[in-house]
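Structure data follow from my_file.tsv (TSV, C-alpha atoms):
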```tsv
chain	number	residue	atom	x	y	z
A	1	MET	CA	5.59	4.12	-31.91
A	2	VAL	CA	4.86	4.70	-28.24
A	3	SER	CA	2.46	7.52	-27.63
A	4	LEU	CA	3.11	10.21	-25.07
A	5	ASP	CA	0.56	9.02	-22.51
A	6	THR	CA	1.89	5.48	-22.73
A	7	ALA	CA	5.44	6.73	-22.18
A	8	ILE	CA	4.37	8.77	-19.18
A	9	PHE	CA	2.51	5.81	-17.75
A	10	ILE	CA	5.53	3.56	-18.20
A	11	ILE	CA	7.70	6.09	-16.34
A	12	ILE	CA	5.15	6.25	-13.52
A	13	ALA	CA	5.01	2.45	-13.42
A	14	ILE	CA	8.80	2.16	-13.17
A	15	MET	CA	8.81	4.69	-10.34
A	16	GLU	CA	6.12	2.76	-8.48
A	17	ILE	CA	7.81	-0.61	-8.89
A	18	SER	CA	11.15	0.85	-7.78
A	19	ALA	CA	9.57	2.39	-4.70
A	20	ALA	CA	7.83	-0.89	-3.90
A	21	TYR	CA	11.15	-2.74	-4.03
A	22	LEU	CA	12.85	-0.09	-1.92
A	23	ILE	CA	10.44	-0.83	0.92
A	24	PHE	CA	12.23	-4.12	1.48
A	25	PHE	CA	15.78	-3.03	0.75
A	26	PHE	CA	15.86	-0.28	3.36
A	27	LYS	CA	17.09	-1.52	6.69
A	28	ASN	CA	15.52	1.25	8.72
A	29	LEU	CA	11.80	0.93	9.20
A	30	MET	CA	11.40	4.68	8.95
A	31	HIS	CA	12.88	4.63	5.46
A	32	SER	CA	10.64	1.71	4.51
A	33	ALA	CA	7.61	3.65	5.67
A	34	ILE	CA	8.69	6.64	3.60
A	35	ALA	CA	9.10	4.35	0.57
A	36	LEU	CA	5.61	2.99	1.18
A	37	SER	CA	4.23	6.52	1.35
A	38	THR	CA	5.99	7.13	-1.98
A	39	VAL	CA	4.17	4.11	-3.40
A	40	PHE	CA	0.89	5.60	-2.23
A	41	GLY	CA	1.75	8.96	-3.73
A	42	ILE	CA	2.67	7.47	-7.09
A	43	THR	CA	-0.54	5.43	-6.95
A	44	SER	CA	-2.46	8.66	-6.60
A	45	LEU	CA	-0.55	9.84	-9.68
A	46	VAL	CA	-1.80	6.73	-11.50
A	47	PHE	CA	-5.35	7.53	-10.42
A	48	ALA	CA	-5.02	11.08	-11.72
A	49	PHE	CA	-3.51	9.75	-14.93
A	50	LEU	CA	-6.47	7.42	-15.38
A	51	GLY	CA	-8.84	10.36	-15.23
A	52	ASN	CA	-9.88	10.19	-11.57
A	53	PRO	CA	-8.51	13.26	-9.78
A	54	LEU	CA	-11.08	12.81	-7.04
A	55	LEU	CA	-9.79	9.35	-6.24
A	56	ALA	CA	-6.26	10.70	-6.35
A	57	VAL	CA	-7.14	13.19	-3.63
A	58	PHE	CA	-8.73	10.44	-1.57
A	59	GLN	CA	-5.66	8.31	-2.00
A	60	LEU	CA	-3.59	11.16	-0.62
A	61	PHE	CA	-5.96	11.43	2.34
A	62	ILE	CA	-5.53	7.77	3.11
A	63	MET	CA	-1.79	8.11	2.67
A	64	VAL	CA	-1.64	10.95	5.15
A	65	GLY	CA	-3.81	9.11	7.64
A	66	GLY	CA	-2.32	5.66	7.26
A	67	ILE	CA	1.30	6.18	6.43
A	68	SER	CA	1.86	8.71	9.17
A	69	VAL	CA	0.84	5.96	11.57
A	70	TYR	CA	3.37	3.64	10.00
A	71	ILE	CA	6.04	6.28	10.36
A	72	PHE	CA	5.14	6.79	14.00
A	73	VAL	CA	5.41	3.08	14.55
A	74	GLY	CA	8.72	3.14	12.75
A	75	VAL	CA	10.01	5.74	15.16
A	76	ALA	CA	9.48	3.20	17.91
A	77	ALA	CA	11.59	0.61	16.12
A	78	PRO	CA	15.16	1.92	16.02
A	79	GLY	CA	16.55	-1.57	16.43
A	80	LEU	CA	15.31	-2.89	13.11
A	81	ALA	CA	18.68	-2.18	11.48
A	82	ARG	CA	20.13	-4.95	13.63
A	83	PHE	CA	17.51	-7.38	12.43
A	84	ARG	CA	17.94	-9.13	9.12
A	85	HIS	CA	14.30	-8.83	8.25
A	86	PHE	CA	14.09	-10.18	4.74
A	87	ASN	CA	15.86	-12.35	2.26
A	88	PRO	CA	16.71	-10.48	-0.98
A	89	LYS	CA	17.67	-13.71	-2.70
A	90	VAL	CA	14.06	-14.83	-2.31
A	91	LEU	CA	12.28	-11.54	-2.91
A	92	LEU	CA	13.56	-10.67	-6.39
A	93	PRO	CA	13.13	-14.05	-8.13
A	94	LEU	CA	9.91	-14.82	-6.33
A	95	SER	CA	8.31	-11.51	-7.26
A	96	ILE	CA	9.27	-12.01	-10.92
A	97	LEU	CA	7.98	-15.60	-10.80
A	98	ILE	CA	4.64	-14.54	-9.32
A	99	PHE	CA	4.39	-11.78	-11.93
A	100	MET	CA	5.01	-14.23	-14.75
A	101	VAL	CA	2.51	-16.73	-13.41
A	102	LEU	CA	-0.19	-14.10	-12.99
A	103	ALA	CA	0.54	-12.36	-16.28
A	104	TYR	CA	0.73	-15.53	-18.38
A	105	PRO	CA	-3.07	-15.81	-18.93
A	106	LEU	CA	-3.04	-12.29	-20.36
A	107	LEU	CA	-1.22	-13.58	-23.43
A	108	SER	CA	-4.34	-15.34	-24.66
A	109	ILE	CA	-6.78	-12.53	-23.86
A	110	THR	CA	-8.22	-10.27	-26.52
A	111	PHE	CA	-9.27	-7.07	-24.83
A	112	ALA	CA	-12.63	-5.59	-25.63
A	113	GLN	CA	-12.79	-2.08	-26.95
A	114	PRO	CA	-12.64	0.22	-23.93
A	115	SER	CA	-15.53	2.51	-23.33
A	116	THR	CA	-15.04	6.14	-22.52
A	117	ASN	CA	-14.28	7.31	-19.03
A	118	VAL	CA	-17.41	7.01	-16.93
A	119	LEU	CA	-16.36	9.51	-14.29
A	120	GLN	CA	-17.24	12.65	-16.15
A	121	GLN	CA	-17.06	16.12	-14.72
A	122	SER	CA	-20.70	16.11	-13.62
A	123	ASP	CA	-20.20	12.96	-11.57
A	124	VAL	CA	-17.19	14.48	-9.85
A	125	THR	CA	-19.14	17.61	-9.00
A	126	GLN	CA	-22.02	15.59	-7.61
A	127	THR	CA	-19.68	13.56	-5.46
A	128	PHE	CA	-18.09	16.68	-4.08
A	129	THR	CA	-21.38	18.26	-3.15
A	130	SER	CA	-22.94	15.22	-1.50
A	131	GLY	CA	-20.08	13.26	0.00
A	132	VAL	CA	-17.45	15.73	1.12
A	133	PRO	CA	-18.52	15.87	4.80
A	134	ILE	CA	-18.18	12.09	5.06
A	135	PHE	CA	-14.70	12.25	3.63
A	136	TYR	CA	-13.69	14.93	6.06
A	137	VAL	CA	-14.97	12.81	8.93
A	138	ILE	CA	-12.94	9.86	7.68
A	139	MET	CA	-9.85	12.02	7.35
A	140	LEU	CA	-10.32	13.34	10.88
A	141	LEU	CA	-10.74	9.80	12.19
A	142	LEU	CA	-7.50	8.75	10.54
A	143	PHE	CA	-5.78	11.76	12.03
A	144	ALA	CA	-7.11	10.73	15.42
A	145	VAL	CA	-5.63	7.28	14.84
A	146	SER	CA	-2.28	8.94	14.16
A	147	LEU	CA	-2.46	10.90	17.37
A	148	GLY	CA	-3.44	7.76	19.25
A	149	ALA	CA	-0.41	5.98	17.82
A	150	ILE	CA	1.87	8.76	19.06
A	151	ILE	CA	0.39	8.51	22.54
A	152	LEU	CA	0.68	4.72	22.59
A	153	ILE	CA	4.31	4.85	21.46
A	154	LYS	CA	5.17	7.40	24.12
A	155	ILE	CA	3.52	5.25	26.77
A	156	ALA	CA	5.34	2.16	25.52
A	157	LYS	CA	8.69	3.94	25.48
A	158	ARG	CA	8.08	5.12	29.01
A	159	GLN	CA	7.23	1.60	30.15
A	160	VAL	CA	9.78	-0.40	28.18
A	161	GLY	CA	12.52	2.12	27.57
A	162	PRO	CA	14.22	3.20	24.37
A	163	GLY	CA	15.80	0.65	22.10
A	164	ALA	CA	13.77	-2.21	23.49
A	165	VAL	CA	12.61	-3.52	20.14
A	166	LYS	CA	13.69	-7.06	19.44
B	1	MET	CA	-3.32	3.60	-24.11
B	2	ILE	CA	-4.22	-0.05	-23.87
B	3	PRO	CA	-5.50	-1.44	-20.54
B	4	LEU	CA	-2.82	-4.10	-20.60
B	5	LEU	CA	-0.26	-1.75	-19.09
B	6	VAL	CA	-2.48	-1.00	-16.10
B	7	ILE	CA	-3.08	-4.71	-15.55
B	8	LEU	CA	0.63	-5.49	-15.82
B	9	LEU	CA	1.50	-2.72	-13.37
B	10	SER	CA	-1.01	-3.95	-10.82
B	11	ILE	CA	0.16	-7.54	-11.24
B	12	PHE	CA	3.79	-6.54	-10.77
B	13	VAL	CA	3.05	-4.50	-7.65
B	14	PHE	CA	0.97	-7.36	-6.29
B	15	ALA	CA	3.81	-9.79	-7.00
B	16	ILE	CA	6.25	-7.58	-5.10
B	17	GLY	CA	3.89	-7.51	-2.13
B	18	ALA	CA	3.27	-11.24	-2.21
B	19	ALA	CA	6.96	-12.00	-2.47
B	20	GLY	CA	7.58	-9.57	0.37
B	21	VAL	CA	5.20	-11.51	2.60
B	22	VAL	CA	7.08	-14.70	1.84
B	23	ALA	CA	10.58	-13.26	2.07
B	24	SER	CA	10.13	-11.09	5.16
B	25	ARG	CA	10.48	-12.27	8.71
B	26	HIS	CA	9.67	-9.06	10.49
B	27	PHE	CA	6.09	-8.56	11.58
B	28	VAL	CA	5.86	-4.93	10.48
B	29	MET	CA	7.41	-5.64	7.09
B	30	ILE	CA	4.78	-8.29	6.41
B	31	ILE	CA	2.03	-5.80	7.12
B	32	LEU	CA	3.73	-3.30	4.81
B	33	SER	CA	3.81	-6.00	2.12
B	34	MET	CA	0.09	-6.56	2.53
B	35	GLU	CA	-0.39	-2.84	2.14
B	36	VAL	CA	1.48	-3.00	-1.17
B	37	MET	CA	-0.87	-5.76	-2.33
B	38	LEU	CA	-3.86	-3.57	-1.47
B	39	VAL	CA	-2.33	-0.80	-3.57
B	40	ALA	CA	-2.17	-3.23	-6.48
B	41	ALA	CA	-5.84	-4.04	-5.97
B	42	THR	CA	-6.79	-0.37	-6.06
B	43	ILE	CA	-4.81	0.20	-9.26
B	44	LEU	CA	-6.52	-2.71	-10.97
B	45	ALA	CA	-9.96	-1.59	-9.79
B	46	VAL	CA	-9.46	1.99	-10.96
B	47	GLY	CA	-8.10	0.81	-14.29
B	48	PHE	CA	-11.03	-1.52	-14.83
B	49	PHE	CA	-13.56	1.17	-14.01
B	50	TYR	CA	-11.72	3.63	-16.22
B	51	TYR	CA	-11.83	1.42	-19.28
B	52	TYR	CA	-14.90	-0.75	-19.01
B	53	ALA	CA	-17.23	-0.36	-16.07
B	54	ASP	CA	-20.27	1.79	-15.70
B	55	GLY	CA	-20.94	3.22	-12.27
B	56	SER	CA	-19.10	4.55	-9.29
B	57	ILE	CA	-15.92	3.02	-7.94
B	58	LEU	CA	-16.01	4.92	-4.66
B	59	LEU	CA	-17.69	2.17	-2.66
B	60	LEU	CA	-15.22	-0.46	-3.82
B	61	LEU	CA	-12.22	1.73	-3.15
B	62	PHE	CA	-13.48	2.77	0.24
B	63	SER	CA	-13.87	-0.85	1.19
B	64	ILE	CA	-10.26	-1.46	0.19
B	65	TRP	CA	-9.10	1.60	2.09
B	66	ALA	CA	-11.10	0.48	5.11
B	67	ILE	CA	-9.25	-2.83	5.03
B	68	ALA	CA	-5.99	-0.91	4.91
B	69	ALA	CA	-7.01	1.18	7.92
B	70	VAL	CA	-7.98	-1.92	9.86
B	71	GLU	CA	-4.56	-3.36	9.04
B	72	VAL	CA	-2.95	-0.26	10.51
B	73	ILE	CA	-4.96	-0.54	13.70
B	74	ALA	CA	-4.19	-4.26	14.01
B	75	LEU	CA	-0.52	-3.53	13.40
B	76	ILE	CA	-0.41	-0.97	16.18
B	77	ALA	CA	-2.27	-3.24	18.57
B	78	PHE	CA	0.01	-6.22	17.95
B	79	TYR	CA	3.09	-4.04	17.93
B	80	GLN	CA	2.27	-2.53	21.29
B	81	TYR	CA	1.48	-5.98	22.66
B	82	MET	CA	4.82	-7.29	21.44
B	83	LEU	CA	6.64	-4.33	22.94
B	84	LYS	CA	4.90	-4.82	26.23
B	85	GLU	CA	5.42	-8.56	26.39
B	86	GLU	CA	8.96	-8.21	25.03
B	87	THR	CA	8.31	-10.83	22.40
B	88	THR	CA	10.31	-10.92	19.21
B	89	MET	CA	9.16	-9.36	15.95
B	90	ASP	CA	10.46	-12.37	14.06
B	91	VAL	CA	7.39	-14.20	12.84
B	92	THR	CA	9.30	-17.44	12.68
B	93	SER	CA	9.51	-17.31	16.47
B	94	LEU	CA	5.93	-16.28	17.13
B	95	SER	CA	5.03	-19.65	18.59
B	96	THR	CA	6.00	-18.12	21.92
B	97	LEU	CA	2.77	-16.11	21.77
B	98	LYS	CA	0.78	-19.17	22.78
B	99	ASP	CA	2.43	-18.94	26.17
```
Starting from the coordinates I provided, produce the structure as structure tokens.
Amino acid sequence: MVSLDTAIFIIIAIMEISAAYLIFFFKNLMHSAIALSTVFGITSLVFAFLGNPLLAVFQLFIMVGGISVYIFVGVAAPGLARFRHFNPKVLLPLSILIFMVLAYPLLSITFAQPSTNVLQQSDVTQTFTSGVPIFYVIMLLLFAVSLGAIILIKIAKRQVGPGAVK
Amino acid sequence: MIPLLVILLSIFVFAIGAAGVVASRHFVMIILSMEVMLVAATILAVGFFYYYADGSILLLLFSIWAIAAVEVIALIAFYQYMLKEETTMDVTSLSTLKD
């Protein structure tokens, strides 16, 4: 009998794997970037499910800082739909093959009894009080990277012209 | 819940990213695939620390996220260079960069 948390985790895992595949099946780079941001968001769900809400928030920070840059870069690539950028006949079997090769040693492993979650509430509180300014600085730096990407793309479009992506 | 599911999820996501690197020809898509592999690494690390480890995972995860940020910056730099030089994004034709 599958317990409730296991069922929820399996649903989250299916969502994440589907989003990861969708990255490659979209022809528009903007859509691929959105699928990648979905992967990051579901990963933060996994973190929260594993008892680390703090890490889930950090994952969202990184997603906002990093994926927005990807999306900005994707805006500059409208010609990707004309480019056959991946081979689906290779991706699907190869991903399953790599999964089987990597997962095969797990068949002979006996897992030790898991300990309890080490990130208790007190640890989370301590991290928030001592490290929050650093995290805000990192988030601001990532936001600055996003703004820099916008400026670079605008400059490149002005120099090269729209639709110049090969 | 057994830790096997977390390990299998991270392995599957890593396999998708690795296969994406092999199957893709576009420069940006390869970087996105590497990003997917980093996501798999973070899932495995968080799962391991959740079940077994004793200590803080923040340093490890921040190192992984720093690698991801560096990838983004490298992607933008190369992308802008390729736009400027009007080179192709097809990595199978990147031998023209040596010119």
Report as a short mmCIF file (atom, residue, chain, number, x, y, z; two decimals) with C-alpha atoms, in the coordinates of the input all protein, DNA and RNA residues lying within 10 Å of range 31-37 of chain B, evaluated on only C-alpha atoms, omitting residues in the same chain fewer than 4 positions from it.
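Output below, filename selection.cif:
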```cif
data_model
loop_
_atom_site.label_atom_id
_atom_site.label_comp_id
_atom_site.auth_asym_id
_atom_site.auth_seq_id
_atom_site.Cartn_x
_atom_site.Cartn_y
_atom_site.Cartn_z
CA ALA A 20 7.83 -0.89 -3.90
CA ILE A 23 10.44 -0.83 0.92
CA PHE A 24 12.23 -4.12 1.48
CA SER A 32 10.64 1.71 4.51
CA ALA A 33 7.61 3.65 5.67
CA LEU A 36 5.61 2.99 1.18
CA VAL A 39 4.17 4.11 -3.40
CA PHE A 40 0.89 5.60 -2.23
CA ILE A 67 1.30 6.18 6.43
CA TYR A 70 3.37 3.64 10.00
CA SER B 10 -1.01 -3.95 -10.82
CA ILE B 11 0.16 -7.54 -11.24
CA PHE B 12 3.79 -6.54 -10.77
CA VAL B 13 3.05 -4.50 -7.65
CA PHE B 14 0.97 -7.36 -6.29
CA ALA B 15 3.81 -9.79 -7.00
CA ILE B 16 6.25 -7.58 -5.10
CA GLY B 17 3.89 -7.51 -2.13
CA ALA B 18 3.27 -11.24 -2.21
CA ALA B 19 6.96 -12.00 -2.47
CA GLY B 20 7.58 -9.57 0.37
CA VAL B 21 5.20 -11.51 2.60
CA VAL B 22 7.08 -14.70 1.84
CA ALA B 23 10.58 -13.26 2.07
CA SER B 24 10.13 -11.09 5.16
CA HIS B 26 9.67 -9.06 10.49
CA PHE B 27 6.09 -8.56 11.58
CA ALA B 41 -5.84 -4.04 -5.97
CA THR B 42 -6.79 -0.37 -6.06
CA ILE B 43 -4.81 0.20 -9.26
CA TRP B 65 -9.10 1.60 2.09
CA ILE B 67 -9.25 -2.83 5.03
CA ALA B 68 -5.99 -0.91 4.91
CA ALA B 69 -7.01 1.18 7.92
CA GLU B 71 -4.56 -3.36 9.04
CA VAL B 72 -2.95 -0.26 10.51
CA ALA B 74 -4.19 -4.26 14.01
CA LEU B 75 -0.52 -3.53 13.40
#
```
(message) So the first atom is CA of Ile12 in chain A and the second is CA of Leu44 in chain B; what is the distance between them in Å, to one decimal place?
(response)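 Between CA of Ile12 in chain A and CA of Leu44 in chain B the gap is 14.9 Å.
Picture a line from CA of Gln59 in chain A to CA of Phe26 in chain A; it runs 23.8 Å.
CA of Val39 in chain B is positioned 11.0 Å from CA of Ser37 in chain A.
Ranking A:Leu141, A:Ile42, A:Leu50, A:Leu107 by their shortest atom-to-atom distance to chain B, with only C-alpha atoms included, puts A:Leu50 first.
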(request) Can you work out which one of B:Ile64, B:Val70, B:Ser93, B:Leu9 has the shortest atom-to-atom distance to chain A, counting all atoms listed in the file? (result)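 Ranked by minimum distance to chain A, first place goes to B:Leu9.
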In the coordinates of the file, take the point (0.6, -4.2, 27.8) and a cut-off of 10 Å; then, counting only C-alpha atoms, name each qualifying protein, DNA or RNA residue as a compact mmCIF listing (two decimals) with C-alpha atoms, in the coordinates of the input.
```txt
# COMPACT_ATOMS: atom_id res chain seq x y z
CA ILE A 155 3.52 5.25 26.77
CA ALA A 156 5.34 2.16 25.52
CA GLN A 159 7.23 1.60 30.15
CA VAL A 160 9.78 -0.40 28.18
CA ALA B 77 -2.27 -3.24 18.57
CA GLN B 80 2.27 -2.53 21.29
CA TYR B 81 1.48 -5.98 22.66
CA MET B 82 4.82 -7.29 21.44
CA LEU B 83 6.64 -4.33 22.94
CA LYS B 84 4.90 -4.82 26.23
CA GLU B 85 5.42 -8.56 26.39
CA GLU B 86 8.96 -8.21 25.03
```
If the box runs along x, y and z of the file and leaves 6 Å on each side of range 6-20 of chain A, what are its centre and edge lengths in Å, one decimal, as AutoDock Vina command-line options?
```
--center_x 6.5 --center_y 3.9 --center_z -13.3 --size_x 21.3 --size_y 21.7 --size_z 30.8
```
(request) Point out the residue among B:Tyr52, B:Tyr79, B:Leu61, B:Ala66 with the least atom-to-atom distance to Leu55 in chain A, counting all atoms listed in the file. (result)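 Checking each candidate against Leu55 in chain A, we get B:Leu61 as the closest.
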